[in-house]
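Right, one structure below, let's go through it.
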2 protein chains.
Amino acid sequence: MTIDSELPGSSTKRASRPRANSLTVRDVAKAAGVSPATVSRVLNGNDRVDEKLRKHVERVADDLGYTPHAAARALASQRSHTIAAVVPSLEDPNFAVGVSALQQALTVEGYTLLIANSNYDEEEELRQVRALAAHGIAGMMLVGAQHSSQVYDLLETRNIPFVNTWVLDKGHPSVGFDNYQIGRTVANYLLDLGHTCFGVVAQRSPRSDRAASRLAGIRAALQERAGYVPHEYVIDRSHRIMDGQHGLRMLLALPDRPTAIICGTDTLAFGVLVEAQAQGLRVPEDLSVTGINDVEFAAHLTPPLTTVRLAVSEVGMHAAEYLLARIEGRPTLPAMSIPFSLIVRGSTGSPKR
Amino acid sequence: MTIDSELPGSSTKRASRPRANSLTVRDVAKAAGVSPATVSRVLNGNDRVDEKLRKHVERVADDLGYTPHAAARALASQRSHTIAAVVPSLEDPNFAVGVSALQQALTVEGYTLLIANSNYDEEEELRQVRALAAHGIAGMMLVGAQHSSQVYDLLETRNIPFVNTWVLDKGHPSVGFDNYQIGRTVANYLLDLGHTCFGVVAQRSPRSDRAASRLAGIRAALQERAGYVPHEYVIDRSHRIMDGQHGLRMLLALPDRPTAIICGTDTLAFGVLVEAQAQGLRVPEDLSVTGINDVEFAAHLTPPLTTVRLAVSEVGMHAAEYLLARIEGRPTLPAMSIPFSLIVRGSTGSPKR
DNA sequence: TTGTAGGCGTTATCAG
DNA sequence: CTGATAACGCCTACAA
């Protein structure tokens, strides 16, 4: 026998709104014979609750399979326990790995990660950041330092901690690589081998400040020791294999033929190797080729690719560390440099000519 | 002159809680000279509001740069406008591309995507699904059909629409490939070429029901026409290049040497090609090799890889379509098969022996 | 240490 | 068509 009609004589009552079919703190409280406040305190760990009571409430909550309503919690506490990452592309394994590491670190700390995709487009990035801000995120990871001023404004007025990644940035907190030094390192290595005429195949710089910094580093190294790379020796298109192939074709058509090709990614370098073979050029005897990233296949190309290894997952880990520290009011470093290393393999050598 | 002290003589007032520093509907309402209810109606589009008033409110909201508070909205409306995807790995370009497509489709419809990573682990997947459920998500995309029963229970009791992807599933809604047919297609193609002794290098089946279905398809085709693949001719490890290399070494050590190797991914096939070259085997004269996925580099290997092209981004698109339809109460199809096609290139041929 | 109750920002019901 | 106003589920200042 059920009694469910003890309610209103008063007809002021409203029609009840559709309710989520899950339990609430009140259900748990009732079941445990305590007040909702106590349940809340237990679940948020940090308050002083009698040890026995705490154990009891925890058990009851667990038995009932209770999970707090994230939105309600966020609304009441003004803290969302949610962090966002906006990356240029999820399909680039580089970013996928970094985001993966970020997520892992955040999950451990009970935070949820929201991932968005800007498609290498500043406008789209702004849209995404806006949407994310509406979700009351507690912090945000961005890629690169080049963002719409409205992005920076929004983040600052809303007081949302953020960190630029994959770059080192003087003006903002950052976790990333010294891309300028990466460029210098590669260029110097090739100069040491005796190369003097260089070609560069990279991603379009306006879309990637990382690529731009590396190019600047390359230019600087060359200028110090052997001149410079003229504009027509820098081919910047996209980042696919066929862009590498096309890039080499362009470079070979130039009057003074380069003996070394510096590529912005391993994928581009793969394209260059493919095209070199198609043109009957021997690598490294006729042409030296370098990549950046040290992706899985780099070591297995013929010849194995000389490239720069980036500790990408460290970017995600340290970004998480930085954001959590900011959110929880702990002290933070303004910038964190992630190491890289030149991996010399068979695709580079002294020019034989 | 401002009057802001007309409030309480009564000291029952509480200390004000920390407020979000952003505007609320009330601010917009005040500025537009209407009630919060009207603002809400305008912003949610669907109600009957006088056209002039609507325009006015829209302008005011826009000028103020108002963005609704997602958590509050979710709490009040019991709809979160958030969808989740749990994938085995974000670093696998396959899933990255699918998720990317899903996100794009959802963003267009004003939904936010939450991405989680199960690391090919059922327990971890359960944890992620639980956390996601707490976030009041409106729907969920899963990979494969093999999930902890608790996952299915949770989704069903909470009444959360979900869709299994990358597979076709009789028991649950799904968007994916007919993996069994993929296996059959590849095997039949090789049988047609005249091969009789096969090796298989794939991902560990218990972790991937996709791999298991494909293997079943392969076995079925062989059994119908030329026997079968003994257990020791199936090498299932992980999915890296070196696993492919190792796999071929194992297979070559077997008494009856296979003339064709079917690989579960292009990456594994790459490994097999590398090892074949190392062993001095000519492909396809001495050994035929196939992959699955048709990733970017497949066409550029030496020899170019025969593989199966999967329309991965369609998986994401149709998953989005399905979930939105369910959420909005529109009719849905129980299962959607995404096309695949065999791409024949240079890594396969008739056995010369 | 525990309970009570007001409010977080929005939506949706009801009355006008 | 518009305006009050009661929830939504939780947290936290305050009282006990």
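Chain identifiers are assigned as A, B, and so on, following the order in which chains appear in the structure tokens; residues are numbered from 1 within each chain, and ligands are numbered from 1 in order of appearance.
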Which residues of chain B come within 8 Å of chain D, and for each one, what is the closest pair of atoms and their distance in Å to one decimal, counting only C-alpha atoms (C1' of nucleotides), sorted by chain and residue number, as JSON lines?
```
{"residue": "B:Arg14", "atom": "CA", "partner": "D:DA13", "partner_atom": "C1'", "distance": 7.0}
{"residue": "B:Ala15", "atom": "CA", "partner": "D:DA13", "partner_atom": "C1'", "distance": 7.1}
{"residue": "B:Ser35", "atom": "CA", "partner": "D:DG3", "partner_atom": "C1'", "distance": 6.2}
{"residue": "B:Ala37", "atom": "CA", "partner": "D:DG3", "partner_atom": "C1'", "distance": 7.4}
{"residue": "B:Thr38", "atom": "CA", "partner": "D:DT2", "partner_atom": "C1'", "distance": 7.1}
{"residue": "B:Arg48", "atom": "CA", "partner": "D:DC1", "partner_atom": "C1'", "distance": 7.2}
{"residue": "B:Val49", "atom": "CA", "partner": "D:DC1", "partner_atom": "C1'", "distance": 6.3}
{"residue": "B:Asp50", "atom": "CA", "partner": "D:DC1", "partner_atom": "C1'", "distance": 6.9}
{"residue": "B:Leu75", "atom": "CA", "partner": "D:DC8", "partner_atom": "C1'", "distance": 5.0}
{"residue": "B:Ala76", "atom": "CA", "partner": "D:DC8", "partner_atom": "C1'", "distance": 4.6}
{"residue": "B:Ser77", "atom": "CA", "partner": "D:DC8", "partner_atom": "C1'", "distance": 7.4}
{"residue": "B:Gln78", "atom": "CA", "partner": "D:DC8", "partner_atom": "C1'", "distance": 7.3}
```
_Please identify all residues of chain C having at least one atom at most 8 Å from any atom of chain B, considering only C-alpha atoms (C1' of nucleotides), and return them as a ChimeraX atom specification._
/C:8-11
_Surrounding residues of segment 241-249 of chain A excluding itself and chain neighbours under 5 positions, 12 Å, only C-alpha atoms (C1' of nucleotides), as a ChimeraX atom specification_ = /A:198-204,232-236,254,257-279,281,287-291 /B:295-301
_Residue among B:His172, B:Arg214, B:His239, B:Lys52 lying closest to chain A, counting only C-alpha atoms_ = B:His239
*Looking only at strand (DSSP E) from DSSP on the backbone, list the matching residues of segment 102-295 of chain A as a ChimeraX atom specification.*
/A:112-117,139-143,162-165,174-176,198-203,234-237,260-263,288-290
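Going from atom CA of Ala101 of chain B over to atom CA of Gly316 of chain B, you cover 4.9 Å.
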*Counting only C-alpha atoms, which of A:Arg54, A:Arg158, A:Arg210, A:Arg59 gets nearest to chain B?*
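Smallest separation from chain B among the options: A:Arg158.
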*Would you list, as a PyMOL selection string, the residues of segment 126-351 of chain A that end up in alpha helix (DSSP H) under DSSP run on this structure's backbone?*
chain A and resi 126-134+149-157+179-192+209-226+241-252+266-278+312-327
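Take atom CA of His195 of chain A and atom CA of Ser350 of chain A: the distance between them is 6.9 Å.
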